[in-house]
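Pasting query_39.cif here (mmCIF, C-alpha atoms):
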```cif
data_coords
loop_
_atom_site.label_atom_id
_atom_site.label_comp_id
_atom_site.auth_asym_id
_atom_site.auth_seq_id
_atom_site.Cartn_x
_atom_site.Cartn_y
_atom_site.Cartn_z
CA MET A 28 -14.70 16.55 -16.48
CA GLU A 29 -13.33 16.26 -19.99
CA GLN A 30 -15.05 12.84 -20.39
CA ALA A 31 -18.60 14.08 -20.58
CA ARG A 32 -17.78 16.79 -23.09
CA ALA A 33 -16.56 14.14 -25.52
CA ARG A 34 -19.73 12.04 -25.62
CA ASN A 35 -21.20 13.49 -28.82
CA ALA A 36 -17.98 13.90 -30.79
CA ALA A 37 -16.86 12.05 -33.93
CA THR A 38 -14.97 8.76 -34.11
CA PRO A 39 -11.20 8.82 -34.91
CA GLN A 40 -9.18 6.24 -36.79
CA LEU A 41 -8.22 3.20 -34.76
CA PHE A 42 -4.84 3.59 -33.12
CA ALA A 43 -3.38 5.69 -35.92
CA SER A 44 -0.33 6.70 -33.89
CA PRO A 45 0.69 4.50 -30.93
CA HIS A 46 2.52 6.40 -28.19
CA ILE A 47 5.59 4.17 -27.92
CA PRO A 48 9.10 4.97 -29.12
CA GLU A 49 9.91 3.89 -32.64
CA GLN A 50 13.25 2.18 -32.24
CA PRO A 51 15.18 -0.52 -34.10
CA GLY A 52 13.61 -3.79 -33.04
CA PRO A 53 14.26 -7.51 -33.33
CA ALA A 54 14.67 -9.17 -36.69
CA ASP A 55 11.29 -10.86 -36.45
CA SER A 56 9.34 -7.62 -36.00
CA LEU A 57 6.10 -7.52 -38.01
CA PRO A 58 4.39 -4.63 -39.85
CA ALA A 59 2.13 -2.27 -37.93
CA ARG A 60 -1.57 -3.05 -38.22
CA PRO A 61 -4.69 -1.28 -36.96
CA LEU A 62 -6.11 -2.31 -33.63
CA VAL A 63 -9.10 -4.46 -34.59
CA PRO A 64 -11.46 -6.50 -32.41
CA GLU A 65 -10.88 -10.24 -32.25
CA GLN A 66 -13.25 -12.04 -34.61
CA ALA A 67 -15.85 -14.14 -32.81
CA ARG A 68 -17.27 -17.36 -34.27
CA GLY A 69 -19.77 -16.50 -37.00
CA GLU A 70 -18.84 -12.81 -37.04
CA HIS A 71 -17.46 -10.88 -39.99
CA ASN A 72 -13.94 -9.60 -39.47
CA HIS A 73 -13.75 -5.92 -40.44
CA SER A 74 -9.96 -5.67 -40.14
CA GLU A 75 -8.04 -4.21 -43.06
CA PRO A 76 -4.42 -4.67 -44.14
CA PRO A 77 -1.97 -1.89 -43.31
CA ALA A 78 -1.80 1.01 -45.75
CA PRO A 79 0.89 0.77 -48.44
CA GLY A 80 4.18 2.13 -47.24
CA THR A 81 3.28 1.85 -43.56
CA ALA A 82 6.51 1.37 -41.58
CA PRO A 83 6.80 -1.33 -38.91
CA ARG A 84 6.57 -0.15 -35.32
CA THR A 85 8.63 -2.13 -32.85
CA VAL A 86 9.65 -1.82 -29.22
CA GLN A 87 12.74 -2.64 -27.22
CA ARG A 88 12.52 -6.08 -25.62
CA HIS A 89 13.74 -4.91 -22.20
CA SER A 90 10.77 -2.58 -21.76
CA VAL A 91 8.17 -4.15 -24.03
CA ARG A 92 5.52 -4.72 -21.39
CA GLY A 93 5.75 -1.21 -19.95
CA GLN A 94 5.70 0.48 -23.35
CA ILE A 95 2.75 -1.56 -24.56
CA LEU A 96 0.87 -0.93 -21.31
CA GLU A 97 1.28 2.83 -21.78
CA ALA A 98 0.33 2.56 -25.46
CA LEU A 99 -2.83 0.66 -24.57
CA ARG A 100 -3.70 3.16 -21.83
CA THR A 101 -3.32 5.93 -24.39
CA ALA A 102 -5.59 4.02 -26.76
CA LEU A 103 -8.19 3.82 -23.99
CA VAL A 104 -8.00 7.57 -23.41
CA ASP A 105 -8.29 8.29 -27.13
CA GLY A 106 -11.17 5.85 -27.54
CA GLU A 107 -9.17 3.81 -30.05
CA LEU A 108 -9.86 0.69 -27.99
CA ALA A 109 -13.61 0.70 -28.41
CA PRO A 110 -15.81 -0.09 -25.39
CA GLY A 111 -17.51 -3.45 -25.76
CA GLU A 112 -15.10 -4.75 -28.41
CA VAL A 113 -12.86 -7.78 -27.90
CA TYR A 114 -9.15 -7.64 -28.75
CA SER A 115 -6.80 -10.62 -28.78
CA ALA A 116 -3.24 -10.54 -27.50
CA PRO A 117 -1.82 -12.22 -30.66
CA VAL A 118 -3.44 -9.62 -32.94
CA LEU A 119 -2.20 -6.72 -30.82
CA GLY A 120 1.21 -8.36 -30.53
CA GLU A 121 1.42 -8.55 -34.32
CA ARG A 122 0.51 -4.87 -34.44
CA PHE A 123 3.48 -4.01 -32.23
CA GLY A 124 5.89 -6.56 -33.71
CA VAL A 125 6.17 -8.53 -30.47
CA SER A 126 4.90 -11.82 -29.11
CA ALA A 127 1.49 -12.12 -27.48
CA THR A 128 3.03 -12.54 -24.01
CA PRO A 129 3.86 -8.90 -23.14
CA VAL A 130 0.55 -7.77 -24.62
CA ARG A 131 -1.32 -10.32 -22.52
CA GLU A 132 0.56 -9.18 -19.40
CA ALA A 133 -0.29 -5.54 -20.15
CA MET A 134 -3.93 -6.44 -20.72
CA GLN A 135 -4.04 -8.35 -17.44
CA GLN A 136 -2.80 -5.22 -15.68
CA LEU A 137 -5.57 -3.23 -17.36
CA ALA A 138 -8.02 -5.88 -16.16
CA THR A 139 -6.97 -5.23 -12.55
CA GLU A 140 -7.60 -1.53 -13.19
CA GLY A 141 -11.09 -2.26 -14.49
CA ALA A 142 -10.38 -1.13 -18.05
CA VAL A 143 -10.91 -4.53 -19.67
CA GLU A 144 -12.30 -7.92 -18.78
CA VAL A 145 -11.04 -11.36 -19.77
CA VAL A 146 -13.06 -13.20 -22.41
CA PRO A 147 -11.99 -16.89 -22.30
CA ASN A 148 -10.50 -18.19 -25.56
CA ARG A 149 -10.96 -14.84 -27.30
CA GLY A 150 -9.03 -12.09 -25.56
CA PHE A 151 -10.03 -9.00 -23.62
CA ARG A 152 -13.19 -6.93 -23.87
CA VAL A 153 -12.94 -3.19 -23.22
CA THR A 154 -15.22 -2.27 -20.35
CA VAL A 155 -18.32 -0.31 -21.28
CA ARG A 156 -18.42 2.83 -19.17
CA SER A 157 -21.54 4.49 -17.86
CA ALA A 158 -22.38 8.04 -16.89
CA ARG A 159 -23.07 6.83 -13.36
CA GLU A 160 -19.60 5.28 -13.08
CA LEU A 161 -17.96 8.53 -14.15
CA ALA A 162 -20.11 10.47 -11.68
CA GLU A 163 -19.07 8.09 -8.90
CA LEU A 164 -15.40 8.51 -9.80
CA ALA A 165 -15.82 12.29 -9.74
CA GLU A 166 -17.45 12.09 -6.32
CA VAL A 167 -14.66 9.95 -4.88
CA ARG A 168 -11.98 12.21 -6.36
CA ALA A 169 -13.68 15.23 -4.83
CA LEU A 170 -13.90 13.55 -1.42
CA ILE A 171 -10.15 12.89 -1.53
CA GLU A 172 -8.71 15.93 -3.22
CA ILE A 173 -10.84 18.82 -1.96
CA PRO A 174 -9.98 18.42 1.76
CA VAL A 175 -6.30 18.00 0.90
CA MET A 176 -6.24 21.11 -1.29
CA LEU A 177 -8.07 23.16 1.35
CA ARG A 178 -5.44 22.15 3.89
CA LEU A 179 -2.63 22.91 1.49
CA ALA A 180 -4.11 26.33 0.72
CA ARG A 181 -3.77 27.20 4.40
CA THR A 182 -0.22 25.89 4.80
CA ILE A 183 1.73 26.14 1.53
CA PRO A 184 3.47 29.46 0.74
CA ALA A 185 2.34 31.30 -2.40
CA ALA A 186 5.78 30.86 -3.97
CA ARG A 187 5.34 27.08 -3.99
CA TRP A 188 2.14 27.43 -6.01
CA SER A 189 3.89 29.74 -8.46
CA ALA A 190 6.48 27.02 -9.03
CA LEU A 191 3.71 24.81 -10.42
CA ARG A 192 2.74 27.29 -13.12
CA PRO A 193 4.86 25.52 -15.79
CA LEU A 194 2.78 22.37 -15.25
CA ALA A 195 -0.42 24.36 -15.71
CA ASP A 196 1.10 25.93 -18.82
CA ALA A 197 1.88 22.44 -20.13
CA THR A 198 -1.77 21.45 -19.85
CA ALA A 199 -2.74 24.61 -21.75
CA ALA A 200 -0.21 23.83 -24.49
CA ALA A 201 -1.49 20.26 -24.84
CA ALA A 202 -5.09 21.48 -24.89
CA ALA A 203 -4.30 23.96 -27.65
CA THR A 204 -3.22 21.10 -29.92
CA GLY A 205 -6.42 19.17 -29.30
CA ASP A 206 -4.37 16.07 -28.47
CA ARG A 207 -6.51 14.18 -25.96
CA ALA A 208 -3.75 11.75 -24.91
CA ALA A 209 -1.17 14.50 -24.40
CA TYR A 210 -3.67 16.51 -22.40
CA ALA A 211 -4.51 13.50 -20.23
CA GLU A 212 -0.84 13.04 -19.36
CA THR A 213 -0.21 16.69 -18.50
CA ASP A 214 -3.49 16.89 -16.58
CA ARG A 215 -2.47 13.98 -14.35
CA ALA A 216 1.03 15.45 -13.92
CA PHE A 217 -0.45 18.71 -12.68
CA HIS A 218 -2.75 17.05 -10.15
CA ARG A 219 0.04 14.76 -8.93
CA ALA A 220 2.30 17.74 -8.32
CA VAL A 221 -0.38 19.59 -6.35
CA LEU A 222 -1.21 16.58 -4.18
CA ALA A 223 2.48 15.71 -3.72
CA LEU A 224 2.81 18.86 -1.60
CA SER A 225 0.85 16.96 1.06
CA GLY A 226 3.85 14.64 1.50
CA ASN A 227 1.54 11.61 1.33
CA GLN A 228 2.67 9.35 -1.52
CA GLN A 229 -0.10 6.81 -0.91
CA LEU A 230 -2.61 9.59 -1.39
CA VAL A 231 -0.92 10.62 -4.64
CA MET A 232 -0.99 7.06 -6.01
CA VAL A 233 -4.64 6.46 -5.11
CA ALA A 234 -5.73 9.80 -6.54
CA ASP A 235 -3.73 9.24 -9.72
CA ASP A 236 -5.35 5.83 -10.25
CA LEU A 237 -8.82 7.36 -9.87
CA HIS A 238 -7.82 10.17 -12.21
CA ARG A 239 -6.63 7.74 -14.88
CA ARG A 240 -9.87 5.76 -14.67
CA SER A 241 -11.90 8.94 -15.07
CA GLN A 242 -10.09 9.72 -18.32
CA TRP A 243 -11.25 6.57 -20.11
CA PRO A 244 -13.96 7.33 -22.68
CA LEU A 245 -17.64 7.02 -21.97
CA THR A 246 -18.63 6.01 -25.50
CA SER A 247 -16.93 4.35 -28.44
CA ALA A 248 -13.94 6.28 -29.80
CA PRO A 249 -14.83 9.86 -28.88
CA VAL A 250 -12.92 12.96 -29.90
CA THR A 251 -12.74 15.76 -27.35
CA ARG A 252 -13.32 19.22 -28.73
CA ARG A 253 -10.28 21.46 -28.45
CA ALA A 254 -12.34 24.23 -26.83
CA ASP A 255 -13.33 21.87 -24.00
CA LEU A 256 -9.72 20.94 -23.32
CA VAL A 257 -8.70 24.61 -23.34
CA ALA A 258 -11.46 25.40 -20.82
CA ASP A 259 -10.30 22.56 -18.56
CA ALA A 260 -6.69 23.73 -18.76
CA ALA A 261 -7.66 27.28 -17.81
CA GLU A 262 -9.12 25.95 -14.56
CA HIS A 263 -5.65 24.72 -13.54
CA MET A 264 -4.21 28.22 -13.56
CA ALA A 265 -7.28 29.60 -11.79
CA LEU A 266 -6.86 26.91 -9.13
CA LEU A 267 -3.23 27.84 -8.53
CA GLU A 268 -4.21 31.47 -8.10
CA ALA A 269 -6.95 30.57 -5.61
CA LEU A 270 -4.58 28.31 -3.66
CA ALA A 271 -1.94 31.04 -3.49
CA ALA A 272 -4.56 33.54 -2.30
CA GLU A 273 -5.87 31.06 0.32
CA ASP A 274 -9.36 31.55 -1.10
CA LEU A 275 -10.88 28.34 0.23
CA THR A 276 -14.33 28.95 -1.22
CA VAL A 277 -12.98 29.36 -4.73
CA VAL A 278 -10.64 26.38 -4.33
CA GLN A 279 -13.51 24.09 -3.36
CA SER A 280 -15.76 25.40 -6.13
CA LEU A 281 -13.08 25.08 -8.80
CA VAL A 282 -12.07 21.54 -7.88
CA ARG A 283 -15.64 20.29 -7.71
CA GLU A 284 -16.49 21.92 -11.03
CA HIS A 285 -13.31 20.54 -12.59
CA PHE A 286 -14.43 17.03 -11.69
CA THR A 287 -18.20 17.19 -12.16
CA GLY A 288 -19.37 20.41 -13.80
CA ALA A 289 -19.69 19.11 -17.34
CA GLN A 290 -21.51 15.97 -16.26
CA ALA A 291 -24.54 17.80 -14.91
#
```

Can you give me the file's structure in the form of structure tokens?
Amino acid sequence: MEQARARNAATPQLFASPHIPEQPGPADSLPARPLVPEQARGEHNHSEPPAPGTAPRTVQRHSVRGQILEALRTALVDGELAPGEVYSAPVLGERFGVSATPVREAMQQLATEGAVEVVPNRGFRVTVRSARELAELAEVRALIEIPVMLRLARTIPAARWSALRPLADATAAAAATGDRAAYAETDRAFHRAVLALSGNQQLVMVADDLHRRSQWPLTSAPVTRRADLVADAAEHMALLEALAAEDLTVVQSLVREHFTGAQA
């Protein structure tokens, strides 16, 4: 839902603040650099050197791949990895102060998720999304989640829904800051917690994967308006209230609107 609202927004700086812990790293760590597309033969390279005084950002070796994977996923959500652009593992590895290997492994994982595609001898191209693809993801999510939530509304005590209010509050807090990546994380956490009440972990994993894919930007480097995030977050609390009241009509309407309303 939040994807379509971001289509006409402005473009942020590339990867200004990677979401990985800043910790003492190996002696050969390199300075942080912006995420820039890999230069193709005959193309002009628009990369710039890091700003004066920019501190190196490094990661712990034992969890390099996982941290970089999460950082790259965040960059996809924020639009800092621009659709259609090619990024090389060595360049990104230099940005994080690590070798190209963990970056390449993380990118290969993203390739299996459909976020990027391999470009031989150059790197990885960020997949160009389409409005139709987002609409299809919304439809599949609705087909999975609506029947589950309707069943849960009939079987889960109201007190259990009240226990999820802190997660809904967390989405509201993230929305209030206008931080798209933080909102994406809290949004997925809320939906995982609701679906987890079904007791079906396979369902939770499949739904979470679809949810993550739906959060990737439609156009190059969008910025979601804070008001749109706040409106999305408010629907979480309204959904909990409808679930607790066993109002099946409202539950179905809210979930479908949450997924597809802004794409109409």

*asked:* Show me the residues around (-4.7, 16.5, -4.0) - criterion: an atom at most 12 Å away, all atoms listed in the file counted - as a ChimeraX atom specification.
replied: /A:167-180,215-235,237-238,266,270,278-279,282

Atoms kept (C-alpha atoms) for selection, written as a PDB file, keeping the file's coordinate frame:
```pdb
ATOM      1  CA  VAL A 167     -14.660   9.950  -4.880  1.00  0.00           C
ATOM      2  CA  ARG A 168     -11.980  12.210  -6.360  1.00  0.00           C
ATOM      3  CA  ALA A 169     -13.680  15.230  -4.830  1.00  0.00           C
ATOM      4  CA  LEU A 170     -13.900  13.550  -1.420  1.00  0.00           C
ATOM      5  CA  ILE A 171     -10.150  12.890  -1.530  1.00  0.00           C
ATOM      6  CA  GLU A 172      -8.710  15.930  -3.220  1.00  0.00           C
ATOM      7  CA  ILE A 173     -10.840  18.820  -1.960  1.00  0.00           C
ATOM      8  CA  PRO A 174      -9.980  18.420   1.760  1.00  0.00           C
ATOM      9  CA  VAL A 175      -6.300  18.000   0.900  1.00  0.00           C
ATOM     10  CA  MET A 176      -6.240  21.110  -1.290  1.00  0.00           C
ATOM     11  CA  LEU A 177      -8.070  23.160   1.350  1.00  0.00           C
ATOM     12  CA  ARG A 178      -5.440  22.150   3.890  1.00  0.00           C
ATOM     13  CA  LEU A 179      -2.630  22.910   1.490  1.00  0.00           C
ATOM     14  CA  ALA A 180      -4.110  26.330   0.720  1.00  0.00           C
ATOM     15  CA  ARG A 215      -2.470  13.980 -14.350  1.00  0.00           C
ATOM     16  CA  ALA A 216       1.030  15.450 -13.920  1.00  0.00           C
ATOM     17  CA  PHE A 217      -0.450  18.710 -12.680  1.00  0.00           C
ATOM     18  CA  HIS A 218      -2.750  17.050 -10.150  1.00  0.00           C
ATOM     19  CA  ARG A 219       0.040  14.760  -8.930  1.00  0.00           C
ATOM     20  CA  ALA A 220       2.300  17.740  -8.320  1.00  0.00           C
ATOM     21  CA  VAL A 221      -0.380  19.590  -6.350  1.00  0.00           C
ATOM     22  CA  LEU A 222      -1.210  16.580  -4.180  1.00  0.00           C
ATOM     23  CA  ALA A 223       2.480  15.710  -3.720  1.00  0.00           C
ATOM     24  CA  LEU A 224       2.810  18.860  -1.600  1.00  0.00           C
ATOM     25  CA  SER A 225       0.850  16.960   1.060  1.00  0.00           C
ATOM     26  CA  GLY A 226       3.850  14.640   1.500  1.00  0.00           C
ATOM     27  CA  ASN A 227       1.540  11.610   1.330  1.00  0.00           C
ATOM     28  CA  GLN A 228       2.670   9.350  -1.520  1.00  0.00           C
ATOM     29  CA  GLN A 229      -0.100   6.810  -0.910  1.00  0.00           C
ATOM     30  CA  LEU A 230      -2.610   9.590  -1.390  1.00  0.00           C
ATOM     31  CA  VAL A 231      -0.920  10.620  -4.640  1.00  0.00           C
ATOM     32  CA  MET A 232      -0.990   7.060  -6.010  1.00  0.00           C
ATOM     33  CA  VAL A 233      -4.640   6.460  -5.110  1.00  0.00           C
ATOM     34  CA  ALA A 234      -5.730   9.800  -6.540  1.00  0.00           C
ATOM     35  CA  ASP A 235      -3.730   9.240  -9.720  1.00  0.00           C
ATOM     36  CA  LEU A 237      -8.820   7.360  -9.870  1.00  0.00           C
ATOM     37  CA  HIS A 238      -7.820  10.170 -12.210  1.00  0.00           C
ATOM     38  CA  LEU A 266      -6.860  26.910  -9.130  1.00  0.00           C
ATOM     39  CA  LEU A 270      -4.580  28.310  -3.660  1.00  0.00           C
ATOM     40  CA  VAL A 278     -10.640  26.380  -4.330  1.00  0.00           C
ATOM     41  CA  GLN A 279     -13.510  24.090  -3.360  1.00  0.00           C
ATOM     42  CA  VAL A 282     -12.070  21.540  -7.880  1.00  0.00           C
TER      43      VAL A 282
END
```

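Closest approach to Ala190 of chain A among A:Ala271, A:Val155, A:Val130, A:Val125: A:Ala271, based on all atoms listed in the file.
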
*Between atom CA of Glu97 of chain A and atom CA of Ser126 of chain A, what is the distance, to one decimal in Å?*
16.8 Å

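Taking atom CA of Ile183 of chain A and atom CA of Phe286 of chain A as endpoints, the distance between them is 22.8 Å.
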
_Picked residues, the PyMOL selection byres ((chain A and resi 193-200) around 10), expected as a PyMOL selection string_ = chain A and resi 189-192+201-206+209-218+220-221+256-267

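When atom CA of Ala162 of chain A is paired with atom CA of Trp243 of chain A, their separation reads 12.8 Å.
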
*Find the residues near Val143 of chain A: any atom within 10 Å, counting only C-alpha atoms, skip ones fewer than 6 places away on the same chain, and give them as JSON, numbers by chain.*
{"A": [103, 108, 110, 111, 112, 113, 114, 134, 135, 136, 137, 150, 151, 152, 153, 154, 155]}

*Using all atoms listed in the file, pick whichever of A:Ala186, A:Thr128, A:Ser241, A:Asp255 has the shortest atom-to-atom distance to Glu163 of chain A.*
A:Ser241

*Using all atoms listed in the file, collect all residues at a distance of at most 12 Å from (-0.1, -1.8, -17.2) as written in the file, then present them as number ranges by chain.*
A: 90-101, 103, 129-143, 236, 239
